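Novice: Please find one structure pasted underneath; my questions will follow.
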Amino acid sequence: MRIAIGNDHAGPAYKNEIVKFLIKKGHEVINYGTDEFSSVDYPDFGHKVALDVENKKVDFGIVICGSGNGIAMTANKHQGVRCALCWTKEIAELSRMHNDANIISIPARFTSIEQAVSMVEVFLNTSFEAGRHALRVDKISCS
């Protein structure tokens with residue numbers, strides 16, 4: 001799989017561990033995130049990941065910021081993007097099964113790195129159930 005990842009200053013350590021995990025699993029990773037801990041603007045990174053998902057250059061995206069909210073809001077401005085803010089493996093799983101999420105947003109200040117890696121693993125290994133959920137997902141976009 002091709003996966004884009006982006007993060008602000010709250011997430012370099014998270015990104016680095018997730019990238020190591022993804023490469024170990026044989027995935028190709030496009031890294032848009034910062035490696036610095038000095039303040040940067042999360043939209044600059046969220047838009048890059050979302051554009052790759054929107055334009056089908058990648059299969060999935062991962063975004064990380066302090067709360068996970070701002071970068072998720074940014075990503076969700078793009079057509080065809082369904083970015084889910086997740087803080088447990090169960091929510092990550094349901095975001096794929098029921099919402100066909102294609103980007104996971106991780107709140108670095110509210111999850112551990114181990115939780116984040118675990119959520120990413122579940123997210124990537126869970127399929128969309130479609131059926132009754134597909135009808136709902138089709139109603140999400142405004143276009």
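Labeling convention for the structure tokens: chains A, B, ... as they appear, residues from 1 per chain, ligands from 1 in order of appearance.
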Leaving out region 75-80 of chain A and any residue of its chain fewer than 3 positions from it, which residues lie within 10 Å of it when counting only C-alpha atoms, given as an mmCIF file with N, CA, C and O atoms, in the first residue's frame?

Specialist:
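Full text of part-v1.cif as output:
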```cif
data_model
loop_
_atom_site.group_PDB
_atom_site.id
_atom_site.type_symbol
_atom_site.label_atom_id
_atom_site.label_comp_id
_atom_site.auth_asym_id
_atom_site.auth_seq_id
_atom_site.Cartn_x
_atom_site.Cartn_y
_atom_site.Cartn_z
ATOM 1 N N PRO A 43 -2.522 22.824 9.166
ATOM 2 C CA PRO A 43 -3.150 22.731 7.845
ATOM 3 C C PRO A 43 -2.147 22.497 6.713
ATOM 4 O O PRO A 43 -2.476 21.833 5.718
ATOM 5 N N PHE A 45 0.258 20.548 6.579
ATOM 6 C CA PHE A 45 0.549 19.116 6.470
ATOM 7 C C PHE A 45 -0.718 18.306 6.172
ATOM 8 O O PHE A 45 -0.680 17.347 5.409
ATOM 9 N N GLY A 46 -1.831 18.712 6.776
ATOM 10 C CA GLY A 46 -3.094 18.019 6.535
ATOM 11 C C GLY A 46 -3.552 18.113 5.092
ATOM 12 O O GLY A 46 -4.042 17.138 4.519
ATOM 13 N N HIS A 47 -3.391 19.292 4.481
ATOM 14 C CA HIS A 47 -3.783 19.453 3.076
ATOM 15 C C HIS A 47 -2.967 18.562 2.151
ATOM 16 O O HIS A 47 -3.512 17.986 1.204
ATOM 17 N N LYS A 48 -1.685 18.426 2.414
ATOM 18 C CA LYS A 48 -0.832 17.592 1.547
ATOM 19 C C LYS A 48 -1.272 16.133 1.567
ATOM 20 O O LYS A 48 -1.382 15.494 0.519
ATOM 21 N N VAL A 49 -1.550 15.621 2.753
ATOM 22 C CA VAL A 49 -2.010 14.234 2.868
ATOM 23 C C VAL A 49 -3.370 14.081 2.196
ATOM 24 O O VAL A 49 -3.595 13.152 1.407
ATOM 25 N N ALA A 50 -4.285 14.998 2.479
ATOM 26 C CA ALA A 50 -5.633 14.918 1.926
ATOM 27 C C ALA A 50 -5.632 15.030 0.402
ATOM 28 O O ALA A 50 -6.413 14.343 -0.275
ATOM 29 N N LEU A 51 -4.774 15.862 -0.148
ATOM 30 C CA LEU A 51 -4.684 15.972 -1.614
ATOM 31 C C LEU A 51 -4.244 14.654 -2.240
ATOM 32 O O LEU A 51 -4.769 14.256 -3.283
ATOM 33 N N VAL A 53 -4.799 11.684 -1.016
ATOM 34 C CA VAL A 53 -5.943 10.765 -0.925
ATOM 35 C C VAL A 53 -7.000 11.167 -1.946
ATOM 36 O O VAL A 53 -7.522 10.322 -2.684
ATOM 37 N N GLU A 54 -7.310 12.456 -2.006
ATOM 38 C CA GLU A 54 -8.319 12.964 -2.943
ATOM 39 C C GLU A 54 -7.960 12.616 -4.388
ATOM 40 O O GLU A 54 -8.828 12.225 -5.170
ATOM 41 N N ASN A 55 -6.696 12.743 -4.739
ATOM 42 C CA ASN A 55 -6.238 12.483 -6.110
ATOM 43 C C ASN A 55 -5.841 11.035 -6.345
ATOM 44 O O ASN A 55 -5.285 10.712 -7.389
ATOM 45 N N LYS A 56 -6.104 10.185 -5.358
ATOM 46 C CA LYS A 56 -5.850 8.747 -5.443
ATOM 47 C C LYS A 56 -4.377 8.410 -5.719
ATOM 48 O O LYS A 56 -4.067 7.413 -6.365
ATOM 49 N N GLY A 61 -4.312 7.747 4.271
ATOM 50 C CA GLY A 61 -3.535 8.806 4.884
ATOM 51 C C GLY A 61 -3.559 8.702 6.396
ATOM 52 O O GLY A 61 -4.486 8.124 6.978
ATOM 53 N N VAL A 63 -2.789 11.425 9.675
ATOM 54 C CA VAL A 63 -2.462 12.780 10.095
ATOM 55 C C VAL A 63 -2.390 12.828 11.619
ATOM 56 O O VAL A 63 -3.104 12.104 12.307
ATOM 57 N N ASN A 69 -7.955 17.151 16.153
ATOM 58 C CA ASN A 69 -9.124 17.828 15.587
ATOM 59 C C ASN A 69 -8.792 18.754 14.423
ATOM 60 O O ASN A 69 -9.402 18.653 13.363
ATOM 61 N N GLY A 70 -7.862 19.663 14.625
ATOM 62 C CA GLY A 70 -7.577 20.655 13.589
ATOM 63 C C GLY A 70 -7.139 20.037 12.281
ATOM 64 O O GLY A 70 -7.604 20.427 11.202
ATOM 65 N N ILE A 71 -6.258 19.055 12.366
ATOM 66 C CA ILE A 71 -5.753 18.432 11.155
ATOM 67 C C ILE A 71 -6.831 17.564 10.492
ATOM 68 O O ILE A 71 -6.887 17.463 9.275
ATOM 69 N N ALA A 72 -7.736 16.983 11.294
ATOM 70 C CA ALA A 72 -8.864 16.219 10.739
ATOM 71 C C ALA A 72 -9.835 17.157 10.032
ATOM 72 O O ALA A 72 -10.332 16.853 8.944
ATOM 73 N N CYS A 83 -11.905 11.589 6.940
ATOM 74 C CA CYS A 83 -10.863 11.522 7.963
ATOM 75 C C CYS A 83 -11.513 11.324 9.320
ATOM 76 O O CYS A 83 -12.371 12.112 9.728
ATOM 77 N N ALA A 84 -11.098 10.284 10.015
ATOM 78 C CA ALA A 84 -11.682 9.928 11.310
ATOM 79 C C ALA A 84 -10.697 10.195 12.441
ATOM 80 O O ALA A 84 -9.572 9.694 12.412
ATOM 81 N N ALA A 101 -13.550 5.235 6.263
ATOM 82 C CA ALA A 101 -12.556 6.295 6.453
ATOM 83 C C ALA A 101 -11.309 5.971 5.644
ATOM 84 O O ALA A 101 -10.892 4.817 5.558
ATOM 85 N N ASN A 102 -10.726 7.007 5.039
ATOM 86 C CA ASN A 102 -9.504 6.798 4.272
ATOM 87 C C ASN A 102 -8.315 7.570 4.850
ATOM 88 O O ASN A 102 -7.210 7.469 4.338
ATOM 89 N N ILE A 103 -8.562 8.337 5.899
ATOM 90 C CA ILE A 103 -7.491 8.979 6.656
ATOM 91 C C ILE A 103 -7.803 8.802 8.141
ATOM 92 O O ILE A 103 -8.942 8.995 8.563
ATOM 93 N N ILE A 104 -6.794 8.449 8.898
ATOM 94 C CA ILE A 104 -6.925 8.380 10.351
ATOM 95 C C ILE A 104 -6.221 9.585 10.948
ATOM 96 O O ILE A 104 -5.105 9.916 10.550
ATOM 97 N N SER A 105 -6.878 10.234 11.878
ATOM 98 C CA SER A 105 -6.299 11.363 12.601
ATOM 99 C C SER A 105 -5.993 10.919 14.028
ATOM 100 O O SER A 105 -6.854 10.372 14.715
ATOM 101 N N ASP A 138 -22.427 7.372 1.204
ATOM 102 C CA ASP A 138 -22.752 8.106 -0.022
ATOM 103 C C ASP A 138 -23.412 9.449 0.258
ATOM 104 O O ASP A 138 -23.399 10.335 -0.594
ATOM 105 N N ILE A 140 -22.454 11.523 2.689
ATOM 106 C CA ILE A 140 -21.529 12.414 3.408
ATOM 107 C C ILE A 140 -21.092 13.595 2.555
ATOM 108 O O ILE A 140 -21.112 14.733 3.020
ATOM 109 N N SER A 141 -20.681 13.366 1.325
ATOM 110 C CA SER A 141 -20.134 14.422 0.496
ATOM 111 C C SER A 141 -21.189 15.443 0.092
ATOM 112 O O SER A 141 -22.359 15.115 -0.119
ATOM 113 N N CYS A 142 -20.770 16.687 -0.033
ATOM 114 C CA CYS A 142 -21.666 17.770 -0.448
ATOM 115 C C CYS A 142 -21.659 17.974 -1.946
ATOM 116 O O CYS A 142 -22.394 18.810 -2.462
ATOM 117 N N SER A 143 -20.812 17.256 -2.666
ATOM 118 C CA SER A 143 -20.733 17.476 -4.124
ATOM 119 C C SER A 143 -21.753 16.661 -4.868
ATOM 120 O O SER A 143 -22.327 15.735 -4.407
#
```

Novice: List every residue of region 44-101 of chain A that has an atom at most 10 Å from any atom of region 113-124 of chain A, giving for each one its closest atom pair and the distance in Å to one decimal, counting only C-alpha atoms, sorted by chain and then by ascending residue number, as a Markdown table.

Specialist:
```
| residue | atom | partner | partner_atom | distance |
| --- | --- | --- | --- | --- |
| A:Asp59 | CA | A:Leu124 | CA | 9.6 |
| A:Phe60 | CA | A:Leu124 | CA | 8.0 |
| A:Gly61 | CA | A:Leu124 | CA | 9.8 |
| A:Ile62 | CA | A:Val120 | CA | 8.0 |
| A:Ile64 | CA | A:Ala116 | CA | 9.6 |
| A:Cys86 | CA | A:Met119 | CA | 7.7 |
| A:Trp87 | CA | A:Met119 | CA | 7.8 |
| A:Thr88 | CA | A:Met119 | CA | 6.5 |
| A:Lys89 | CA | A:Met119 | CA | 4.7 |
| A:Glu90 | CA | A:Met119 | CA | 8.2 |
| A:Ile91 | CA | A:Met119 | CA | 8.5 |
| A:Ala92 | CA | A:Phe123 | CA | 5.3 |
| A:Glu93 | CA | A:Phe123 | CA | 5.6 |
| A:Leu94 | CA | A:Phe123 | CA | 8.6 |
| A:Ser95 | CA | A:Phe123 | CA | 7.8 |
| A:Arg96 | CA | A:Phe123 | CA | 6.4 |
| A:Met97 | CA | A:Phe123 | CA | 9.2 |
| A:Ala101 | CA | A:Phe123 | CA | 8.7 |
```

Novice: For the residues in the current selection, export C-alpha atoms as a PDB file, in the first residue's frame.

Specialist:
```pdb
ATOM      1  CA  ASP A  59      -4.426   4.278  -0.607  1.00  0.00           C
ATOM      2  CA  PHE A  60      -4.689   5.849   2.854  1.00  0.00           C
ATOM      3  CA  GLY A  61      -3.535   8.806   4.884  1.00  0.00           C
ATOM      4  CA  ILE A  62      -2.422   9.356   8.459  1.00  0.00           C
ATOM      5  CA  ILE A  64      -1.258  13.758  13.561  1.00  0.00           C
ATOM      6  CA  CYS A  86      -9.445   8.059  16.570  1.00  0.00           C
ATOM      7  CA  TRP A  87      -8.195   7.529  20.099  1.00  0.00           C
ATOM      8  CA  THR A  88      -8.812   3.789  20.506  1.00  0.00           C
ATOM      9  CA  LYS A  89      -8.369   0.722  18.295  1.00  0.00           C
ATOM     10  CA  GLU A  90     -12.123   0.143  18.446  1.00  0.00           C
ATOM     11  CA  ILE A  91     -12.896   3.578  17.032  1.00  0.00           C
ATOM     12  CA  ALA A  92     -10.264   3.090  14.319  1.00  0.00           C
ATOM     13  CA  GLU A  93     -11.854  -0.224  13.382  1.00  0.00           C
ATOM     14  CA  LEU A  94     -15.378   1.206  13.273  1.00  0.00           C
ATOM     15  CA  SER A  95     -14.229   4.184  11.226  1.00  0.00           C
ATOM     16  CA  ARG A  96     -13.173   1.760   8.494  1.00  0.00           C
ATOM     17  CA  MET A  97     -16.012  -0.763   8.873  1.00  0.00           C
ATOM     18  CA  ALA A 101     -12.556   6.295   6.453  1.00  0.00           C
TER      19      ALA A 101
END
```

Novice: Which of chain A counts as alpha helix (DSSP H) under DSSP, as a ChimeraX atom specification please?

Specialist: /A:12-24,42-54,69-75,89-97,113-125,132-137

Novice: Please determine, counting only C-alpha atoms, which residue among A:Ala10, A:Ile18, A:Ile30, A:Val81 has the shortest atom-to-atom distance to Val58 (chain A).

Specialist: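 Among the listed residues, A:Ile30 lies closest to Val58 (chain A).
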
Novice: Report as JSON, numbers by chain all protein, DNA and RNA residues lying within 9 Å of Cys65 (chain A), evaluated on only C-alpha atoms, omitting residues in the same chain fewer than 6 positions from it.

Specialist: {"A": [6, 7, 8, 9, 10, 11, 42, 71, 72, 105, 106, 107, 108, 109]}

Novice: Residues of the last selection are to be written out with N, CA, C and O atoms, as a short mmCIF file (atom, residue, chain, number, x, y, z; two decimals), in the first residue's frame.

Specialist:
```cif
data_model
loop_
_atom_site.label_atom_id
_atom_site.label_comp_id
_atom_site.auth_asym_id
_atom_site.auth_seq_id
_atom_site.Cartn_x
_atom_site.Cartn_y
_atom_site.Cartn_z
N GLY A 6 1.30 12.94 7.60
CA GLY A 6 1.65 14.32 7.88
C GLY A 6 1.39 14.64 9.33
O GLY A 6 0.48 14.10 9.94
N ASN A 7 2.21 15.52 9.88
CA ASN A 7 2.07 15.87 11.29
C ASN A 7 2.59 17.27 11.54
O ASN A 7 3.44 17.77 10.80
N ASP A 8 2.11 17.87 12.62
CA ASP A 8 2.66 19.14 13.07
C ASP A 8 3.67 18.88 14.18
O ASP A 8 4.11 17.74 14.39
N HIS A 9 4.01 19.91 14.91
CA HIS A 9 5.04 19.84 15.95
C HIS A 9 4.69 18.93 17.12
O HIS A 9 5.57 18.55 17.88
N ALA A 10 3.43 18.54 17.27
CA ALA A 10 3.04 17.62 18.35
C ALA A 10 3.34 16.17 18.00
O ALA A 10 3.30 15.30 18.87
N GLY A 11 3.65 15.89 16.72
CA GLY A 11 3.71 14.50 16.32
C GLY A 11 4.97 13.92 15.72
O GLY A 11 4.91 12.78 15.22
N TYR A 42 -0.64 23.09 11.39
CA TYR A 42 -1.14 21.76 10.98
C TYR A 42 -1.82 21.75 9.61
O TYR A 42 -1.71 20.75 8.89
N ILE A 71 -6.26 19.05 12.37
CA ILE A 71 -5.75 18.43 11.16
C ILE A 71 -6.83 17.56 10.49
O ILE A 71 -6.89 17.46 9.27
N ALA A 72 -7.74 16.98 11.29
CA ALA A 72 -8.86 16.22 10.74
C ALA A 72 -9.83 17.16 10.03
O ALA A 72 -10.33 16.85 8.94
N SER A 105 -6.88 10.23 11.88
CA SER A 105 -6.30 11.36 12.60
C SER A 105 -5.99 10.92 14.03
O SER A 105 -6.85 10.37 14.72
N ILE A 106 -4.77 11.19 14.44
CA ILE A 106 -4.30 10.74 15.76
C ILE A 106 -4.02 11.94 16.65
O ILE A 106 -3.26 12.83 16.26
N PRO A 107 -4.61 11.96 17.86
CA PRO A 107 -4.36 13.04 18.81
C PRO A 107 -3.12 12.74 19.67
O PRO A 107 -3.20 12.01 20.66
N ALA A 108 -1.99 13.31 19.29
CA ALA A 108 -0.72 12.97 19.94
C ALA A 108 -0.70 13.30 21.43
O ALA A 108 -0.02 12.63 22.20
N ARG A 109 -1.45 14.29 21.85
CA ARG A 109 -1.42 14.67 23.26
C ARG A 109 -2.39 13.84 24.11
O ARG A 109 -2.46 14.02 25.32
#
```

Novice: Write out as a PyMOL selection string each polymer residue whose atoms come within 8 Å of region 134-136 of chain A, counting only C-alpha atoms; drop sequence neighbours fewer than 5 positions from it.

Specialist: chain A and resi 98-99+129

Novice: Hey, which of A:Thr34, A:Ser39, A:Lys139, A:His133 ends up closest to Tyr14 (chain A)? Count only C-alpha atoms.

Specialist: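 Between A:Thr34, A:Ser39, A:Lys139, A:His133, the residue approaching Tyr14 (chain A) most closely is A:Thr34.
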
Novice: DSSP on the backbone, then: every residue of chain A marked strand (DSSP E), written as a PyMOL selection string.

Specialist: chain A and resi 2-7+28-31+60-65+83-85+103-107

Novice: If you keep N, CA, C and O atoms, can you produce a file of those selected residues as a CSV table (one decimal), in the first residue's frame?

Specialist:
```csv
chain,number,residue,atom,x,y,z
A,2,ARG,N,0.3,2.3,-0.6
A,2,ARG,CA,1.0,3.6,-0.5
A,2,ARG,C,0.2,4.4,0.5
A,2,ARG,O,-1.0,4.5,0.5
A,3,ILE,N,0.9,5.0,1.5
A,3,ILE,CA,0.3,5.7,2.6
A,3,ILE,C,1.0,7.1,2.7
A,3,ILE,O,2.3,7.1,2.8
A,4,ALA,N,0.2,8.2,2.8
A,4,ALA,CA,0.8,9.5,3.1
A,4,ALA,C,0.6,9.8,4.5
A,4,ALA,O,-0.4,9.4,5.1
A,5,ILE,N,1.6,10.4,5.1
A,5,ILE,CA,1.6,10.8,6.5
A,5,ILE,C,2.0,12.2,6.7
A,5,ILE,O,2.9,12.7,6.0
A,6,GLY,N,1.3,12.9,7.6
A,6,GLY,CA,1.7,14.3,7.9
A,6,GLY,C,1.4,14.6,9.3
A,6,GLY,O,0.5,14.1,9.9
A,7,ASN,N,2.2,15.5,9.9
A,7,ASN,CA,2.1,15.9,11.3
A,7,ASN,C,2.6,17.3,11.5
A,7,ASN,O,3.4,17.8,10.8
A,28,GLU,N,4.7,1.5,1.3
A,28,GLU,CA,5.5,2.7,0.8
A,28,GLU,C,4.9,3.9,1.5
A,28,GLU,O,3.7,4.1,1.5
A,29,VAL,N,5.7,4.8,2.0
A,29,VAL,CA,5.3,5.9,2.8
A,29,VAL,C,5.7,7.2,2.2
A,29,VAL,O,6.9,7.4,1.9
A,30,ILE,N,4.8,8.1,2.0
A,30,ILE,CA,5.1,9.5,1.6
A,30,ILE,C,5.0,10.4,2.8
A,30,ILE,O,3.9,10.5,3.4
A,31,ASN,N,6.1,11.0,3.2
A,31,ASN,CA,6.2,11.7,4.5
A,31,ASN,C,6.1,13.2,4.2
A,31,ASN,O,7.0,13.8,3.7
A,60,PHE,N,-4.2,5.3,1.6
A,60,PHE,CA,-4.7,5.8,2.9
A,60,PHE,C,-3.8,7.0,3.3
A,60,PHE,O,-2.7,7.1,2.8
A,61,GLY,N,-4.3,7.7,4.3
A,61,GLY,CA,-3.5,8.8,4.9
A,61,GLY,C,-3.6,8.7,6.4
A,61,GLY,O,-4.5,8.1,7.0
A,62,ILE,N,-2.5,9.3,7.0
A,62,ILE,CA,-2.4,9.4,8.5
A,62,ILE,C,-2.0,10.8,8.8
A,62,ILE,O,-1.1,11.3,8.2
A,63,VAL,N,-2.8,11.4,9.7
A,63,VAL,CA,-2.5,12.8,10.1
A,63,VAL,C,-2.4,12.8,11.6
A,63,VAL,O,-3.1,12.1,12.3
A,64,ILE,N,-1.5,13.7,12.1
A,64,ILE,CA,-1.3,13.8,13.6
A,64,ILE,C,-1.1,15.2,14.0
A,64,ILE,O,-0.3,15.9,13.3
A,65,CYS,N,-1.8,15.6,15.0
A,65,CYS,CA,-1.6,16.9,15.6
A,65,CYS,C,-1.9,16.7,17.1
A,65,CYS,O,-2.2,15.6,17.6
A,83,CYS,N,-11.9,11.6,6.9
A,83,CYS,CA,-10.9,11.5,8.0
A,83,CYS,C,-11.5,11.3,9.3
A,83,CYS,O,-12.4,12.1,9.7
A,84,ALA,N,-11.1,10.3,10.0
A,84,ALA,CA,-11.7,9.9,11.3
A,84,ALA,C,-10.7,10.2,12.4
A,84,ALA,O,-9.6,9.7,12.4
A,85,LEU,N,-11.1,11.0,13.4
A,85,LEU,CA,-10.4,11.2,14.6
A,85,LEU,C,-10.5,10.0,15.5
A,85,LEU,O,-11.6,9.6,15.9
A,103,ILE,N,-8.6,8.3,5.9
A,103,ILE,CA,-7.5,9.0,6.7
A,103,ILE,C,-7.8,8.8,8.1
A,103,ILE,O,-8.9,9.0,8.6
A,104,ILE,N,-6.8,8.4,8.9
A,104,ILE,CA,-6.9,8.4,10.4
A,104,ILE,C,-6.2,9.6,10.9
A,104,ILE,O,-5.1,9.9,10.5
A,105,SER,N,-6.9,10.2,11.9
A,105,SER,CA,-6.3,11.4,12.6
A,105,SER,C,-6.0,10.9,14.0
A,105,SER,O,-6.9,10.4,14.7
A,106,ILE,N,-4.8,11.2,14.4
A,106,ILE,CA,-4.3,10.7,15.8
A,106,ILE,C,-4.0,11.9,16.7
A,106,ILE,O,-3.3,12.8,16.3
A,107,PRO,N,-4.6,12.0,17.9
A,107,PRO,CA,-4.4,13.0,18.8
A,107,PRO,C,-3.1,12.7,19.7
A,107,PRO,O,-3.2,12.0,20.7
```

Novice: What's the separation between CA of Gly33 (chain A) and CA of Val137 (chain A), in Å to one decimal place?

Specialist: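 Atom-to-atom, CA of Gly33 (chain A) to CA of Val137 (chain A), that is 28.5 Å.
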
Novice: Would you list the contacts of His27 (chain A) as a PyMOL selection string, taking every protein, DNA or RNA residue within 9 Å and counting only C-alpha atoms, but skipping same-chain residues closer than 3 positions in sequence?

Specialist: chain A and resi 1-3+21-24

Novice: Could you check how far CA of Glu36 (chain A) sits from CA of Val19 (chain A), in Å to one decimal?

Specialist: 15.8 Å
